[in-house]
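Shown here: protein.cif, mmCIF, C-alpha atoms.
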data_run
loop_
_atom_site.label_atom_id
_atom_site.label_comp_id
_atom_site.auth_asym_id
_atom_site.auth_seq_id
_atom_site.Cartn_x
_atom_site.Cartn_y
_atom_site.Cartn_z
CA MET A 1 101.87 111.15 147.58
CA ASP A 2 102.31 114.10 145.21
CA THR A 3 100.00 113.34 142.26
CA LYS A 4 101.17 116.22 140.03
CA PRO A 5 103.78 114.16 138.13
CA ILE A 6 101.28 111.33 137.59
CA ASN A 7 98.62 113.81 136.47
CA SER A 8 101.01 114.97 133.73
CA LEU A 9 100.36 111.63 132.00
CA CYS A 10 96.58 111.98 131.83
CA ASP A 11 96.69 113.07 128.16
CA PHE A 12 98.12 109.70 127.10
CA SER A 13 95.57 106.93 126.60
CA VAL A 14 98.23 104.22 127.08
CA PHE A 15 98.58 105.26 130.74
CA LYS A 16 94.94 105.72 131.75
CA LEU A 17 94.43 102.21 133.16
CA GLN A 18 97.92 101.67 134.58
CA THR A 19 98.88 101.31 138.25
CA ASP A 20 100.66 104.09 140.12
CA ALA A 21 103.73 101.83 140.26
CA ALA A 22 103.86 101.62 136.45
CA LEU A 23 103.39 105.37 136.08
CA ILE A 24 106.08 106.21 138.63
CA SER A 25 108.49 103.80 136.91
CA PHE A 26 107.86 105.61 133.63
CA LEU A 27 108.32 109.05 135.19
CA ASN A 28 111.61 107.99 136.77
CA ALA A 29 112.93 106.61 133.48
CA LYS A 30 111.73 109.18 130.91
CA LYS A 31 113.59 112.23 129.69
CA SER A 32 111.98 115.50 128.65
CA LEU A 33 113.05 116.90 125.28
CA ASN A 34 112.25 120.18 123.54
CA LEU A 35 112.52 120.66 119.80
CA LYS A 36 112.17 123.86 117.80
CA LYS A 37 109.96 124.18 114.72
CA GLY A 38 111.55 122.33 111.81
CA GLY A 39 113.69 120.13 114.03
CA VAL A 40 113.92 116.43 113.13
CA LEU A 41 112.93 114.05 115.90
CA ILE A 42 113.41 110.82 113.92
CA ASN A 43 115.13 110.16 110.60
CA GLU A 44 113.70 107.67 108.11
CA ASN A 45 115.25 104.18 108.52
CA GLU A 46 117.09 105.30 111.66
CA ALA A 47 117.87 102.55 114.17
CA PHE A 48 115.28 102.26 116.93
CA LYS A 49 116.20 104.47 119.90
CA GLY A 50 112.98 104.60 121.88
CA VAL A 51 109.43 105.92 121.98
CA TYR A 52 108.30 109.55 122.11
CA PHE A 53 105.24 110.86 123.96
CA ILE A 54 103.97 114.22 122.69
CA ARG A 55 103.41 116.69 125.54
CA SER A 56 102.73 119.73 123.34
CA GLY A 57 103.04 120.84 119.75
CA LEU A 58 102.44 119.19 116.40
CA LEU A 59 104.56 116.68 114.46
CA LYS A 60 104.45 115.50 110.88
CA ILE A 61 105.17 111.87 110.05
CA TYR A 62 106.44 111.42 106.51
CA ARG A 63 108.46 109.45 104.02
CA THR A 64 110.67 110.85 101.29
CA LYS A 65 109.87 109.98 97.69
CA SER A 66 112.53 109.15 95.10
CA ASN A 67 112.37 112.79 93.91
CA GLN A 68 113.11 113.91 97.51
CA GLN A 69 109.59 115.28 98.00
CA GLU A 70 107.90 114.61 101.33
CA PHE A 71 104.84 112.37 101.46
CA ILE A 72 103.08 113.07 104.76
CA ILE A 73 101.57 109.91 106.23
CA GLY A 74 100.01 111.54 109.26
CA LEU A 75 100.31 114.06 112.05
CA GLY A 76 100.96 113.68 115.75
CA LYS A 77 99.64 116.01 118.43
CA LYS A 78 99.40 116.32 122.21
CA GLY A 79 98.68 112.94 123.79
CA GLY A 80 100.06 110.99 120.83
CA VAL A 81 102.85 108.43 120.94
CA VAL A 82 105.30 107.86 118.07
CA GLY A 83 107.71 105.00 117.54
CA ILE A 84 105.32 102.29 118.75
CA ASP A 85 105.53 100.33 115.49
CA SER A 86 109.30 100.03 115.83
CA VAL A 87 109.23 98.99 119.49
CA ILE A 88 106.71 96.22 118.73
CA SER A 89 108.60 94.95 115.66
CA ASN A 90 112.10 95.79 116.99
CA SER A 91 113.00 97.35 113.64
CA PRO A 92 114.27 100.73 112.34
CA TYR A 93 111.84 103.62 112.12
CA PRO A 94 110.01 103.33 108.76
CA HIS A 95 109.39 107.08 108.53
CA ALA A 96 110.79 110.47 109.52
CA ILE A 97 109.22 112.78 112.09
CA LYS A 98 109.66 116.56 112.16
CA ALA A 99 108.31 119.33 114.39
CA LEU A 100 105.73 121.58 112.73
CA ASN A 101 106.04 124.01 115.64
CA ASP A 102 107.92 124.10 118.94
CA ILE A 103 107.28 120.77 120.70
CA GLU A 104 107.88 119.08 124.02
CA VAL A 105 108.09 115.29 124.26
CA TYR A 106 108.89 112.61 126.78
CA HIS A 107 111.46 110.11 125.53
CA LEU A 108 111.85 106.56 126.79
CA ASN A 109 114.84 104.69 125.39
CA ALA A 110 114.77 101.14 124.06
CA LYS A 111 116.19 99.56 127.23
CA GLU A 112 113.71 101.30 129.54
CA ILE A 113 110.68 100.54 127.37
CA SER A 114 111.66 96.86 127.26
CA TYR A 115 111.95 96.82 131.05
CA LEU A 116 108.51 98.39 131.48
CA PHE A 117 106.95 95.93 129.04
CA GLU A 118 108.46 92.99 130.95
CA THR A 119 107.52 94.34 134.36
CA TYR A 120 104.06 95.72 133.59
CA LYS A 121 102.32 93.47 131.05
CA PRO A 122 99.12 95.60 130.86
CA LEU A 123 101.23 98.51 129.61
CA ARG A 124 102.47 96.46 126.65
CA ASN A 125 98.85 95.57 125.86
CA GLU A 126 97.90 99.26 125.80
CA PHE A 127 100.78 100.00 123.43
CA ILE A 128 99.50 97.29 121.07
CA LYS A 129 96.02 98.85 121.24
CA GLU A 130 97.55 102.24 120.45
CA LEU A 131 99.36 100.78 117.44
CA CYS A 132 96.09 99.24 116.20
CA ALA A 133 94.41 102.64 116.59
CA ASP A 134 97.20 104.22 114.52
CA ILE A 135 96.64 101.63 111.79
CA ASP A 136 92.91 102.39 111.85
CA LYS A 137 93.67 106.09 111.40
CA LEU A 138 95.90 105.33 108.43
CA GLU A 139 93.20 103.14 106.86
CA ASN A 140 90.63 105.90 107.41
CA ARG A 141 93.01 108.38 105.79
CA ILE A 142 93.38 106.11 102.74
CA THR A 143 89.58 105.76 102.59
CA SER A 144 89.23 109.54 102.63
CA ILE A 145 91.73 109.91 99.79
CA LEU A 146 89.84 107.36 97.70
CA ASN A 147 86.28 108.46 98.47
CA LYS A 148 86.29 112.15 99.35
CA LYS A 149 86.81 115.31 97.38
CA ILE A 150 89.74 117.49 98.39
CA LYS A 151 87.34 120.00 99.95
CA SER A 152 85.96 117.30 102.25
CA GLN A 153 89.45 116.04 103.10
CA LEU A 154 90.51 119.58 104.01
CA ALA A 155 87.49 120.05 106.28
CA GLU A 156 88.25 116.70 107.93
CA ILE A 157 91.88 117.68 108.61
CA LEU A 158 90.96 121.10 110.00
CA LEU A 159 88.55 119.50 112.47
CA ALA A 160 90.91 116.68 113.43
CA PHE A 161 93.90 118.89 114.18
CA SER A 162 92.30 121.93 115.74
CA ASP A 163 93.22 122.98 119.28
CA ILE A 164 91.06 124.91 121.72
CA GLU A 165 92.78 128.10 122.87
CA ASN A 166 92.14 130.00 126.11
CA ASN A 167 89.41 132.06 124.42
CA ASN A 168 87.62 128.81 123.42
CA ASN A 169 88.40 129.32 119.74
CA ALA A 170 89.23 126.20 117.72
CA VAL A 171 92.38 126.96 115.74
CA VAL A 172 94.59 124.99 113.36
CA LYS A 173 98.33 125.71 113.34
CA LEU A 174 99.14 123.90 110.11
CA SER A 175 100.65 125.62 107.09
CA THR A 176 98.85 125.36 103.77
CA LEU A 177 102.00 123.70 102.39
CA ASP A 178 101.88 120.89 104.97
CA ILE A 179 98.14 120.46 104.44
CA SER A 180 98.70 120.15 100.68
CA LYS A 181 101.37 117.48 101.26
CA LEU A 182 99.09 115.57 103.60
CA ILE A 183 96.23 115.57 101.10
CA GLY A 184 98.37 115.20 97.99
CA THR A 185 97.51 118.33 96.06
CA THR A 186 98.98 121.77 95.40
CA GLN A 187 99.34 124.55 97.94
CA ASN A 188 97.51 126.93 95.60
CA TYR A 189 94.48 124.65 95.45
CA ILE A 190 94.35 124.42 99.27
CA CYS A 191 94.50 128.22 99.49
CA LYS A 192 91.65 128.46 96.98
CA ILE A 193 89.43 126.16 99.05
CA ILE A 194 90.29 127.98 102.27
CA ASN A 195 89.32 131.27 100.62
CA ASN A 196 85.97 129.70 99.72
CA PHE A 197 85.58 128.57 103.35
CA ILE A 198 86.29 132.14 104.44
CA LYS A 199 83.62 133.51 102.06
CA SER A 200 81.16 130.95 103.44
CA LYS A 201 82.04 132.05 107.01
CA LEU A 202 83.32 128.63 107.97
CA VAL A 203 86.81 129.73 108.94
CA GLU A 204 88.90 132.84 109.46
CA VAL A 205 92.63 133.27 108.95
CA GLU A 206 94.59 135.12 111.62
CA GLY A 207 98.26 135.30 110.74
CA LYS A 208 99.43 131.69 110.47
CA LYS A 209 96.38 130.30 112.27
CA ILE A 210 93.15 129.04 110.74
CA LYS A 211 90.27 129.65 113.15
CA ILE A 212 87.17 127.49 112.80
CA ILE A 213 83.99 129.51 113.27
CA ASN A 214 81.36 127.02 112.09
CA CYS A 215 82.25 123.50 113.25
CA ASN A 216 78.81 122.08 112.42
CA GLU A 217 78.86 123.08 108.77
CA LEU A 218 82.49 122.06 108.42
CA SER A 219 81.58 118.63 109.83
CA VAL A 220 78.88 118.26 107.16
CA ILE A 221 81.42 119.01 104.44
CA ALA A 222 83.95 116.60 106.02
CA SER A 223 81.43 113.74 105.89
CA GLU A 224 80.63 114.18 102.19
CA ILE A 225 81.80 111.42 99.83
CA TYR A 226 81.75 111.08 96.04
#

Could the structure of this file be written out as structure tokens, please?
Amino acid sequence: MDTKPINSLCDFSVFKLQTDAALISFLNAKKSLNLKKGGVLINENEAFKGVYFIRSGLLKIYRTKSNQQEFIIGLGKKGGVVGIDSVISNSPYPHAIKALNDIEVYHLNAKEISYLFETYKPLRNEFIKELCADIDKLENRITSILNKKIKSQLAEILLAFSDIENNNNAVVKLSTLDISKLIGTTQNYICKIINNFIKSKLVEVEGKKIKIINCNELSVIASEIY
């Protein structure tokens, strides 16, 4: 049996303990989608249309305030799954999701995901675990907002959403504007802290990328609380 298609699912924790039969069923049912930077994957309060599995790229998950400003709840990256909360509750999407850069996702529609849940019970259990993990992340984010200075929150975000490139450099492909919306502060203040990180030789800025050059020291800053 050709294992290449199955190996393409190794980045997703929900599939790691599943049988080959379950994985092949998923691969036969899913569709591959590509979305350019700035493209909207899900609109807030949109009717449930399936679950998305992030193959590459970065997504922002947000809600729109009454003044039409975005409030970023979290970010999704390679190996993440979005839409789980709606499939479990069978309700509209409570948030919007937009591509922060060019992305590739697998999409499984509502009918197919229901079939897989009915046919492969362990898969449904893994989705519930994934949803619980997402809730834990949100609770941790709230804890950070309440207990950490903005400098520590920034360090935490840079470490959490860095990717290792071919040259083994850890880089972050988030704009300072999106980081400011995620933390809840101004873009100017984020730029000021990043400049301080640069002076302390913690990071470097190359074009639109932030390269981490001292992970250990940045981790110390990320763990600091009031």

Ranking A:Thr119, A:Asn169, A:Thr64, A:Asn45 by minimum distance to Gly83 of chain A and counting only C-alpha atoms, which one comes first? A:Asn45

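Here atom CA of Lys78 of chain A and atom CA of Gly57 of chain A stand 6.3 Å from one another.
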
Write out as a compact mmCIF listing (two decimals) with C-alpha atoms, in the frame of the given file the residues lying within 9 Å of Lys209 of chain A, counting only C-alpha atoms and excluding same-chain residues fewer than 4 positions away.
# COMPACT_ATOMS: atom_id res chain seq x y z
CA VAL A 171 92.38 126.96 115.74
CA VAL A 172 94.59 124.99 113.36
CA LYS A 173 98.33 125.71 113.34
CA LEU A 174 99.14 123.90 110.11
CA SER A 175 100.65 125.62 107.09
CA GLU A 204 88.90 132.84 109.46
CA VAL A 205 92.63 133.27 108.95

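Near Ile198 of chain A, within 12 Å and counting only C-alpha atoms, sit A:Cys191, A:Lys192, A:Glu204, A:Val205, A:Glu206, A:Ile210, A:Lys211, A:Ile212, A:Ile213, A:Asn214, A:Leu218, not including residues fewer than 6 positions from it in the same chain.
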
Extract, using all atoms listed in the file, all DNA, RNA and protein residues at most 9 Å from Asp178 of chain A, discarding same-chain residues fewer than 4 positions from it, and format them as a VMD selection string. chain A and resid 60 72 100 174 182 to 183 187

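Listed by chain and then by number, the residues chosen by the PyMOL selection byres ((chain A and resi 156) around 9) in this file are Ser144, Lys151, Ser152, Gln153, Leu154, Ala155, Ile157, Leu158, Leu159, Ala160, Phe161, Leu218, Ser219, Ile221, Ala222 and Ser223 of chain A.
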
For segment 98-113 of chain A, supply N, CA and C atoms and report the output as a PDB file, keeping the file's coordinate frame.
ATOM      1  N   LYS A  98     109.138 115.189 112.033  1.00  0.00           N
ATOM      2  CA  LYS A  98     109.660 116.560 112.160  1.00  0.00           C
ATOM      3  C   LYS A  98     108.660 117.441 112.893  1.00  0.00           C
ATOM      4  N   ALA A  99     109.163 118.401 113.637  1.00  0.00           N
ATOM      5  CA  ALA A  99     108.310 119.330 114.390  1.00  0.00           C
ATOM      6  C   ALA A  99     107.719 120.388 113.465  1.00  0.00           C
ATOM      7  N   LEU A 100     106.397 120.533 113.510  1.00  0.00           N
ATOM      8  CA  LEU A 100     105.730 121.580 112.730  1.00  0.00           C
ATOM      9  C   LEU A 100     105.702 122.896 113.502  1.00  0.00           C
ATOM     10  N   ASN A 101     105.852 122.821 114.809  1.00  0.00           N
ATOM     11  CA  ASN A 101     106.040 124.010 115.640  1.00  0.00           C
ATOM     12  C   ASN A 101     106.873 123.569 116.851  1.00  0.00           C
ATOM     13  N   ASP A 102     107.129 124.474 117.767  1.00  0.00           N
ATOM     14  CA  ASP A 102     107.920 124.100 118.940  1.00  0.00           C
ATOM     15  C   ASP A 102     107.196 122.988 119.704  1.00  0.00           C
ATOM     16  N   ILE A 103     107.924 121.922 120.051  1.00  0.00           N
ATOM     17  CA  ILE A 103     107.280 120.770 120.700  1.00  0.00           C
ATOM     18  C   ILE A 103     108.017 120.391 121.984  1.00  0.00           C
ATOM     19  N   GLU A 104     107.297 119.700 122.842  1.00  0.00           N
ATOM     20  CA  GLU A 104     107.880 119.080 124.020  1.00  0.00           C
ATOM     21  C   GLU A 104     107.455 117.617 124.024  1.00  0.00           C
ATOM     22  N   VAL A 105     108.397 116.722 124.218  1.00  0.00           N
ATOM     23  CA  VAL A 105     108.090 115.290 124.260  1.00  0.00           C
ATOM     24  C   VAL A 105     108.780 114.637 125.449  1.00  0.00           C
ATOM     25  N   TYR A 106     108.196 113.520 125.883  1.00  0.00           N
ATOM     26  CA  TYR A 106     108.890 112.610 126.780  1.00  0.00           C
ATOM     27  C   TYR A 106     109.545 111.542 125.923  1.00  0.00           C
ATOM     28  N   HIS A 107     110.763 111.162 126.275  1.00  0.00           N
ATOM     29  CA  HIS A 107     111.460 110.110 125.530  1.00  0.00           C
ATOM     30  C   HIS A 107     111.794 108.976 126.477  1.00  0.00           C
ATOM     31  N   LEU A 108     111.496 107.753 126.040  1.00  0.00           N
ATOM     32  CA  LEU A 108     111.850 106.560 126.790  1.00  0.00           C
ATOM     33  C   LEU A 108     112.699 105.682 125.877  1.00  0.00           C
ATOM     34  N   ASN A 109     113.941 105.417 126.280  1.00  0.00           N
ATOM     35  CA  ASN A 109     114.840 104.690 125.390  1.00  0.00           C
ATOM     36  C   ASN A 109     114.467 103.209 125.286  1.00  0.00           C
ATOM     37  N   ALA A 110     115.119 102.519 124.367  1.00  0.00           N
ATOM     38  CA  ALA A 110     114.770 101.140 124.060  1.00  0.00           C
ATOM     39  C   ALA A 110     114.911 100.223 125.276  1.00  0.00           C
ATOM     40  N   LYS A 111     115.962 100.414 126.050  1.00  0.00           N
ATOM     41  CA  LYS A 111     116.190  99.560 127.230  1.00  0.00           C
ATOM     42  C   LYS A 111     115.100  99.754 128.266  1.00  0.00           C
ATOM     43  N   GLU A 112     114.713 100.999 128.518  1.00  0.00           N
ATOM     44  CA  GLU A 112     113.710 101.300 129.540  1.00  0.00           C
ATOM     45  C   GLU A 112     112.320 100.817 129.112  1.00  0.00           C
ATOM     46  N   ILE A 113     111.997 100.976 127.825  1.00  0.00           N
ATOM     47  CA  ILE A 113     110.680 100.540 127.370  1.00  0.00           C
ATOM     48  C   ILE A 113     110.566  99.021 127.435  1.00  0.00           C
TER      49      ILE A 113
END
